[in-house]
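Visitor: Quick one: structure below, then a few questions.
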Amino acid sequence: MSNESENRGEERRLSDTYKALANERAPDHLNERVLRLAAERRTPYMRARAWMRPVAWAATIGLSLAIVLEITRLPQVEPDSISIPAADISKARDGRLESKDSSAAEAKATAPATVSPVESAIDLKRNRPATPTADRSERSSKDAFAPKDLTVLRGGEETARAQAGSDQGAIASRADADELSAERALAKTMTPDVSAAQPVATESVAADNISMDEPASEAAFAAMTNAHKSVSGPPCAESVRDTPESWIACIRELEENGQEDEARSQYEEFRRVFPDFEDRDADK
Amino acid sequence: MAASAETVARPSRALFSEVELAYAPAMGHTPDDSALMLRYQDGDVSAFETLYRRHNDPLYRYLLRLCRHRDTAEDLFQEVWGKIVKARASYRPTAKFTTFLYRVAHNCFIDHLRRNKRHMGGAELDEDLQPHPGEPPETATERSLAKERLSKALMELPDEQRDVFLLREEAGLSLDQIALVTGSNRETAKSRLRYAVNKLRAAIDERPERQ
């Protein structure tokens, strides 16, 4: 312990002695030379102050974070959810309708004045797309855009059915009248039974009225057709509708008979059931 | 792994040093050597002048005692400061500036020895042995004799021991810093210093043969 303190004391004395000895100073000419050298070789431009560097770093990091946040907060736009303004949709729809109208007008201008329903249907079929689904969608869109045409067609169909029904009723009533006259003749030849013949007589009176009075029978025919209308089906029977050939033949018959509205409605119904049926005769 | 952590930590430390440097004058603190060097790196010549005034005399004495020749010491002195000025752009405050400065000076001296293998052996220094004003003649005589013996003992020390002693006395470096400057390990530096101190103490305590 004493040795350490003695050593420290002697080292301090040595240090003091050295400091007393070493009192030289750097010569002034050396100082001037070194300082001039330092001034000459200094950086020609004042670089950014030290406090500017952390500020610049902070600004850079802040801007980067802001950009990253801006990018990450943007909503994910899916292709399906891209919204088109309603005005554009209506414009596109109008343009499509106009093009359809113009094409229809051109078709009308080029077509002959009187076109049968079958021919028009064939024309429609030629202009129709190949796929039935597209045809259905187009048809549904047509129905949606032209409800008045559909109701008019349905009205025409009903009137045509009514007319056809009345004609068939008239034929049936005439056959019934013939049967009644035959029965009356038979009753005259046989012994008359008043009790039994009474209903026959009433019927015969009615039959006479029918058979004898032809113009008046039209009212009765109309009444009967009204009764038949509810019973009778479409102009082409269900059995006819089973095969496309028989159905299309029925439609042709309607067209030949002058029942164009009926034929048209039947053809439309036919096309709903048999959209892919190729009518070679119509094509010819 | 530790090395990577150290490399990561260094820039942040440098950054804080630069911040300290920026606010040091406003806060009334004396800027340290590294801060002054960084200011000179930024083009502030006055910072370099302050730095130079702090270290010019000790460095001059270190080189003067190390070389034992005034002209050589002056040449080395200019060379050392020239290298400091030149290294300003690449300077990083990773160590104490004094260590950096005296390492440059030590290397310059080693290069000088290699260039001039037959370096000055004779003592050319004319020590100031004039008595201080008001000092008693006996004390002045004893002090001048001690200084003369110390100066002579210093000149006779081996270069390595003298170098270590001067680094401790002039630069005020610790053993670790001395080892860093001289490129040796701590124990070597400590051994050299102990040998140097013992020889110099013996020279001071030596009685005059005439008495």
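The way I read the labels, and the way they are meant: chains A, B, ... in the order of the structure tokens, residue 1 as the first residue of every chain, and ligand 1 as the first ligand shown, with later ones counted on from there.
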Please identify every residue of chain A that has at least one atom no more than 12 Å from any atom of chain B, counting only C-alpha atoms, and report them as a PDB file with N, CA and C atoms, in the first residue's frame.
Guide:
```
ATOM      1  N   ASN A   7       5.028   5.172  -5.223  1.00  0.00           N
ATOM      2  CA  ASN A   7       5.172   5.157  -6.688  1.00  0.00           C
ATOM      3  C   ASN A   7       4.380   6.289  -7.329  1.00  0.00           C
ATOM      4  N   ARG A   8       3.122   6.468  -6.847  1.00  0.00           N
ATOM      5  CA  ARG A   8       2.300   7.545  -7.401  1.00  0.00           C
ATOM      6  C   ARG A   8       2.949   8.908  -7.151  1.00  0.00           C
ATOM      7  N   GLY A   9       3.511   9.070  -5.960  1.00  0.00           N
ATOM      8  CA  GLY A   9       4.164  10.345  -5.652  1.00  0.00           C
ATOM      9  C   GLY A   9       5.356  10.586  -6.546  1.00  0.00           C
ATOM     10  N   GLU A  10       6.129   9.557  -6.760  1.00  0.00           N
ATOM     11  CA  GLU A  10       7.317   9.717  -7.610  1.00  0.00           C
ATOM     12  C   GLU A  10       6.927   9.919  -9.075  1.00  0.00           C
ATOM     13  N   GLU A  11       5.855   9.227  -9.499  1.00  0.00           N
ATOM     14  CA  GLU A  11       5.391   9.436 -10.886  1.00  0.00           C
ATOM     15  C   GLU A  11       4.896  10.867 -11.066  1.00  0.00           C
ATOM     16  N   ARG A  12       4.236  11.388 -10.013  1.00  0.00           N
ATOM     17  CA  ARG A  12       3.749  12.772 -10.110  1.00  0.00           C
ATOM     18  C   ARG A  12       4.936  13.740 -10.170  1.00  0.00           C
ATOM     19  N   ARG A  13       5.968  13.429  -9.382  1.00  0.00           N
ATOM     20  CA  ARG A  13       7.150  14.279  -9.413  1.00  0.00           C
ATOM     21  C   ARG A  13       7.843  14.207 -10.773  1.00  0.00           C
ATOM     22  N   LEU A  14       7.848  13.018 -11.352  1.00  0.00           N
ATOM     23  CA  LEU A  14       8.421  12.859 -12.687  1.00  0.00           C
ATOM     24  C   LEU A  14       7.621  13.631 -13.716  1.00  0.00           C
ATOM     25  N   SER A  15       6.310  13.551 -13.567  1.00  0.00           N
ATOM     26  CA  SER A  15       5.445  14.267 -14.525  1.00  0.00           C
ATOM     27  C   SER A  15       5.636  15.769 -14.395  1.00  0.00           C
ATOM     28  N   ASP A  16       5.751  16.234 -13.126  1.00  0.00           N
ATOM     29  CA  ASP A  16       5.948  17.679 -12.937  1.00  0.00           C
ATOM     30  C   ASP A  16       7.296  18.114 -13.501  1.00  0.00           C
ATOM     31  N   THR A  17       8.277  17.305 -13.305  1.00  0.00           N
ATOM     32  CA  THR A  17       9.600  17.641 -13.820  1.00  0.00           C
ATOM     33  C   THR A  17       9.583  17.691 -15.352  1.00  0.00           C
ATOM     34  N   TYR A  18       8.901  16.732 -15.922  1.00  0.00           N
ATOM     35  CA  TYR A  18       8.833  16.730 -17.397  1.00  0.00           C
ATOM     36  C   TYR A  18       8.088  17.967 -17.894  1.00  0.00           C
ATOM     37  N   LYS A  19       6.968  18.319 -17.213  1.00  0.00           N
ATOM     38  CA  LYS A  19       6.202  19.481 -17.664  1.00  0.00           C
ATOM     39  C   LYS A  19       7.004  20.759 -17.504  1.00  0.00           C
ATOM     40  N   ALA A  20       7.858  20.794 -16.467  1.00  0.00           N
ATOM     41  CA  ALA A  20       8.721  21.958 -16.320  1.00  0.00           C
ATOM     42  C   ALA A  20       9.772  22.000 -17.411  1.00  0.00           C
ATOM     43  N   LEU A  21      10.133  20.804 -17.861  1.00  0.00           N
ATOM     44  CA  LEU A  21      11.149  20.755 -18.905  1.00  0.00           C
ATOM     45  C   LEU A  21      10.545  21.058 -20.281  1.00  0.00           C
ATOM     46  N   ALA A  22       9.403  20.429 -20.546  1.00  0.00           N
ATOM     47  CA  ALA A  22       8.829  20.514 -21.889  1.00  0.00           C
ATOM     48  C   ALA A  22       7.874  21.689 -21.957  1.00  0.00           C
ATOM     49  N   ASN A  23       8.411  22.815 -22.260  1.00  0.00           N
ATOM     50  CA  ASN A  23       7.590  24.008 -22.391  1.00  0.00           C
ATOM     51  C   ASN A  23       7.716  24.620 -23.783  1.00  0.00           C
ATOM     52  N   GLU A  24       8.146  23.834 -24.727  1.00  0.00           N
ATOM     53  CA  GLU A  24       8.261  24.343 -26.076  1.00  0.00           C
ATOM     54  C   GLU A  24       6.874  24.573 -26.680  1.00  0.00           C
ATOM     55  N   ARG A  25       6.835  25.493 -27.558  1.00  0.00           N
ATOM     56  CA  ARG A  25       5.585  25.803 -28.268  1.00  0.00           C
ATOM     57  C   ARG A  25       5.832  25.689 -29.772  1.00  0.00           C
ATOM     58  N   ALA A  26       4.795  25.383 -30.467  1.00  0.00           N
ATOM     59  CA  ALA A  26       4.921  25.271 -31.915  1.00  0.00           C
ATOM     60  C   ALA A  26       5.253  26.639 -32.494  1.00  0.00           C
ATOM     61  N   PRO A  27       6.216  26.714 -33.374  1.00  0.00           N
ATOM     62  CA  PRO A  27       6.592  28.006 -33.953  1.00  0.00           C
ATOM     63  C   PRO A  27       5.423  28.646 -34.695  1.00  0.00           C
ATOM     64  N   ASP A  28       5.428  29.973 -34.715  1.00  0.00           N
ATOM     65  CA  ASP A  28       4.326  30.689 -35.367  1.00  0.00           C
ATOM     66  C   ASP A  28       4.275  30.428 -36.874  1.00  0.00           C
ATOM     67  N   HIS A  29       5.455  30.328 -37.472  1.00  0.00           N
ATOM     68  CA  HIS A  29       5.426  30.103 -38.920  1.00  0.00           C
ATOM     69  C   HIS A  29       4.796  28.748 -39.262  1.00  0.00           C
ATOM     70  N   LEU A  30       4.997  27.789 -38.330  1.00  0.00           N
ATOM     71  CA  LEU A  30       4.340  26.492 -38.548  1.00  0.00           C
ATOM     72  C   LEU A  30       2.827  26.612 -38.390  1.00  0.00           C
ATOM     73  N   ASN A  31       2.420  27.366 -37.367  1.00  0.00           N
ATOM     74  CA  ASN A  31       0.985  27.556 -37.152  1.00  0.00           C
ATOM     75  C   ASN A  31       0.337  28.214 -38.371  1.00  0.00           C
ATOM     76  N   GLU A  32       0.977  29.269 -38.846  1.00  0.00           N
ATOM     77  CA  GLU A  32       0.409  29.975 -40.006  1.00  0.00           C
ATOM     78  C   GLU A  32       0.332  29.063 -41.226  1.00  0.00           C
ATOM     79  N   ARG A  33       1.363  28.287 -41.405  1.00  0.00           N
ATOM     80  CA  ARG A  33       1.403  27.417 -42.579  1.00  0.00           C
ATOM     81  C   ARG A  33       0.290  26.357 -42.510  1.00  0.00           C
ATOM     82  N   VAL A  34       0.156  25.774 -41.341  1.00  0.00           N
ATOM     83  CA  VAL A  34      -0.867  24.726 -41.195  1.00  0.00           C
ATOM     84  C   VAL A  34      -2.263  25.320 -41.332  1.00  0.00           C
ATOM     85  N   LEU A  35      -2.487  26.468 -40.715  1.00  0.00           N
ATOM     86  CA  LEU A  35      -3.825  27.071 -40.787  1.00  0.00           C
ATOM     87  C   LEU A  35      -4.150  27.530 -42.215  1.00  0.00           C
ATOM     88  N   ARG A  36      -3.132  28.025 -42.912  1.00  0.00           N
ATOM     89  CA  ARG A  36      -3.366  28.412 -44.302  1.00  0.00           C
ATOM     90  C   ARG A  36      -3.706  27.188 -45.153  1.00  0.00           C
ATOM     91  N   LEU A  37      -2.973  26.122 -44.874  1.00  0.00           N
ATOM     92  CA  LEU A  37      -3.252  24.877 -45.599  1.00  0.00           C
ATOM     93  C   LEU A  37      -4.688  24.393 -45.339  1.00  0.00           C
ATOM     94  N   ALA A  38      -5.072  24.489 -44.078  1.00  0.00           N
ATOM     95  CA  ALA A  38      -6.431  24.040 -43.735  1.00  0.00           C
ATOM     96  C   ALA A  38      -7.486  24.921 -44.399  1.00  0.00           C
ATOM     97  N   ALA A  39      -7.208  26.247 -44.471  1.00  0.00           N
ATOM     98  CA  ALA A  39      -8.178  27.150 -45.103  1.00  0.00           C
ATOM     99  C   ALA A  39      -8.243  26.913 -46.607  1.00  0.00           C
ATOM    100  N   GLU A  40      -7.093  26.609 -47.194  1.00  0.00           N
ATOM    101  CA  GLU A  40      -7.098  26.372 -48.648  1.00  0.00           C
ATOM    102  C   GLU A  40      -7.813  25.086 -49.025  1.00  0.00           C
ATOM    103  N   ARG A  41      -7.669  24.093 -48.175  1.00  0.00           N
ATOM    104  CA  ARG A  41      -8.233  22.782 -48.510  1.00  0.00           C
ATOM    105  C   ARG A  41      -9.611  22.548 -47.907  1.00  0.00           C
ATOM    106  N   ARG A  42     -10.213  23.581 -47.390  1.00  0.00           N
ATOM    107  CA  ARG A  42     -11.535  23.381 -46.789  1.00  0.00           C
ATOM    108  C   ARG A  42     -12.548  23.080 -47.889  1.00  0.00           C
ATOM    109  N   THR A  43     -13.623  22.540 -47.483  1.00  0.00           N
ATOM    110  CA  THR A  43     -14.679  22.210 -48.431  1.00  0.00           C
ATOM    111  C   THR A  43     -15.178  23.501 -49.071  1.00  0.00           C
ATOM    112  N   PRO A  44     -15.200  23.579 -50.393  1.00  0.00           N
ATOM    113  CA  PRO A  44     -15.557  24.833 -51.059  1.00  0.00           C
ATOM    114  C   PRO A  44     -17.001  25.249 -50.833  1.00  0.00           C
ATOM    115  N   TYR A  45     -17.825  24.365 -50.446  1.00  0.00           N
ATOM    116  CA  TYR A  45     -19.235  24.704 -50.205  1.00  0.00           C
ATOM    117  C   TYR A  45     -19.582  24.335 -48.776  1.00  0.00           C
ATOM    118  N   MET A  46     -20.455  25.104 -48.236  1.00  0.00           N
ATOM    119  CA  MET A  46     -20.914  24.802 -46.881  1.00  0.00           C
ATOM    120  C   MET A  46     -21.916  23.656 -46.981  1.00  0.00           C
ATOM    121  N   ARG A  47     -21.516  22.523 -46.499  1.00  0.00           N
ATOM    122  CA  ARG A  47     -22.439  21.392 -46.536  1.00  0.00           C
ATOM    123  C   ARG A  47     -23.579  21.623 -45.559  1.00  0.00           C
ATOM    124  N   ALA A  48     -24.588  20.823 -45.729  1.00  0.00           N
ATOM    125  CA  ALA A  48     -25.772  20.976 -44.880  1.00  0.00           C
ATOM    126  C   ALA A  48     -25.382  20.821 -43.418  1.00  0.00           C
ATOM    127  N   ARG A  49     -25.958  21.656 -42.614  1.00  0.00           N
ATOM    128  CA  ARG A  49     -25.678  21.593 -41.182  1.00  0.00           C
ATOM    129  C   ARG A  49     -26.093  20.241 -40.622  1.00  0.00           C
ATOM    130  N   ALA A  50     -25.477  19.895 -39.522  1.00  0.00           N
ATOM    131  CA  ALA A  50     -25.724  18.567 -38.975  1.00  0.00           C
ATOM    132  C   ALA A  50     -27.178  18.375 -38.578  1.00  0.00           C
ATOM    133  N   TRP A  51     -27.822  19.435 -38.116  1.00  0.00           N
ATOM    134  CA  TRP A  51     -29.220  19.272 -37.689  1.00  0.00           C
ATOM    135  C   TRP A  51     -30.150  19.072 -38.870  1.00  0.00           C
ATOM    136  N   MET A  52     -29.659  19.432 -40.062  1.00  0.00           N
ATOM    137  CA  MET A  52     -30.510  19.232 -41.236  1.00  0.00           C
ATOM    138  C   MET A  52     -30.620  17.757 -41.605  1.00  0.00           C
ATOM    139  N   ARG A  53     -29.614  16.995 -41.263  1.00  0.00           N
ATOM    140  CA  ARG A  53     -29.638  15.585 -41.657  1.00  0.00           C
ATOM    141  C   ARG A  53     -30.741  14.812 -40.948  1.00  0.00           C
ATOM    142  N   PRO A  54     -30.848  14.886 -39.620  1.00  0.00           N
ATOM    143  CA  PRO A  54     -31.986  14.174 -39.000  1.00  0.00           C
ATOM    144  C   PRO A  54     -33.333  14.706 -39.452  1.00  0.00           C
ATOM    145  N   VAL A  55     -33.394  16.014 -39.718  1.00  0.00           N
ATOM    146  CA  VAL A  55     -34.664  16.566 -40.219  1.00  0.00           C
ATOM    147  C   VAL A  55     -34.989  15.993 -41.590  1.00  0.00           C
ATOM    148  N   TRP A  57     -33.950  13.134 -42.756  1.00  0.00           N
ATOM    149  CA  TRP A  57     -34.328  11.722 -42.568  1.00  0.00           C
ATOM    150  C   TRP A  57     -35.772  11.622 -42.110  1.00  0.00           C
TER     151      TRP A  57
END
```
Visitor: Enter the distance from CA of Arg192 in chain B to CA of Asn116 in chain B, in Å, rounded to one decimal.
Guide: 24.0 Å
Visitor: What is the distance, in Å and to one decimal place, between CA of Arg194 in chain B and CA of Leu173 in chain B?
Guide: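 Spanning CA of Arg194 in chain B to CA of Leu173 in chain B is a straight-line distance of 14.8 Å.
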Visitor: For the atom pair CA of Arg73 in chain A and CA of Thr60 in chain A, what is the interatomic distance in Å to one decimal place?
Guide: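 Taking CA of Arg73 in chain A as the start and CA of Thr60 in chain A as the end point, the length is 19.9 Å.
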Visitor: For each of B:Ile110, B:Val181, B:Ala202, B:Phe100, take the minimum atom-to-atom distance to Arg149 in chain B, counting only C-alpha atoms, then give the residue where this is smallest.
Guide: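 Once distances to Arg149 in chain B are computed over only C-alpha atoms, the minimum belongs to B:Ala202.
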Visitor: Residues within 8 Å of Ser34 in chain B, please, as number ranges by chain. Count only C-alpha atoms; anything in the same chain fewer than 6 positions from it doesn't count.
Guide: B: 93, 96-97
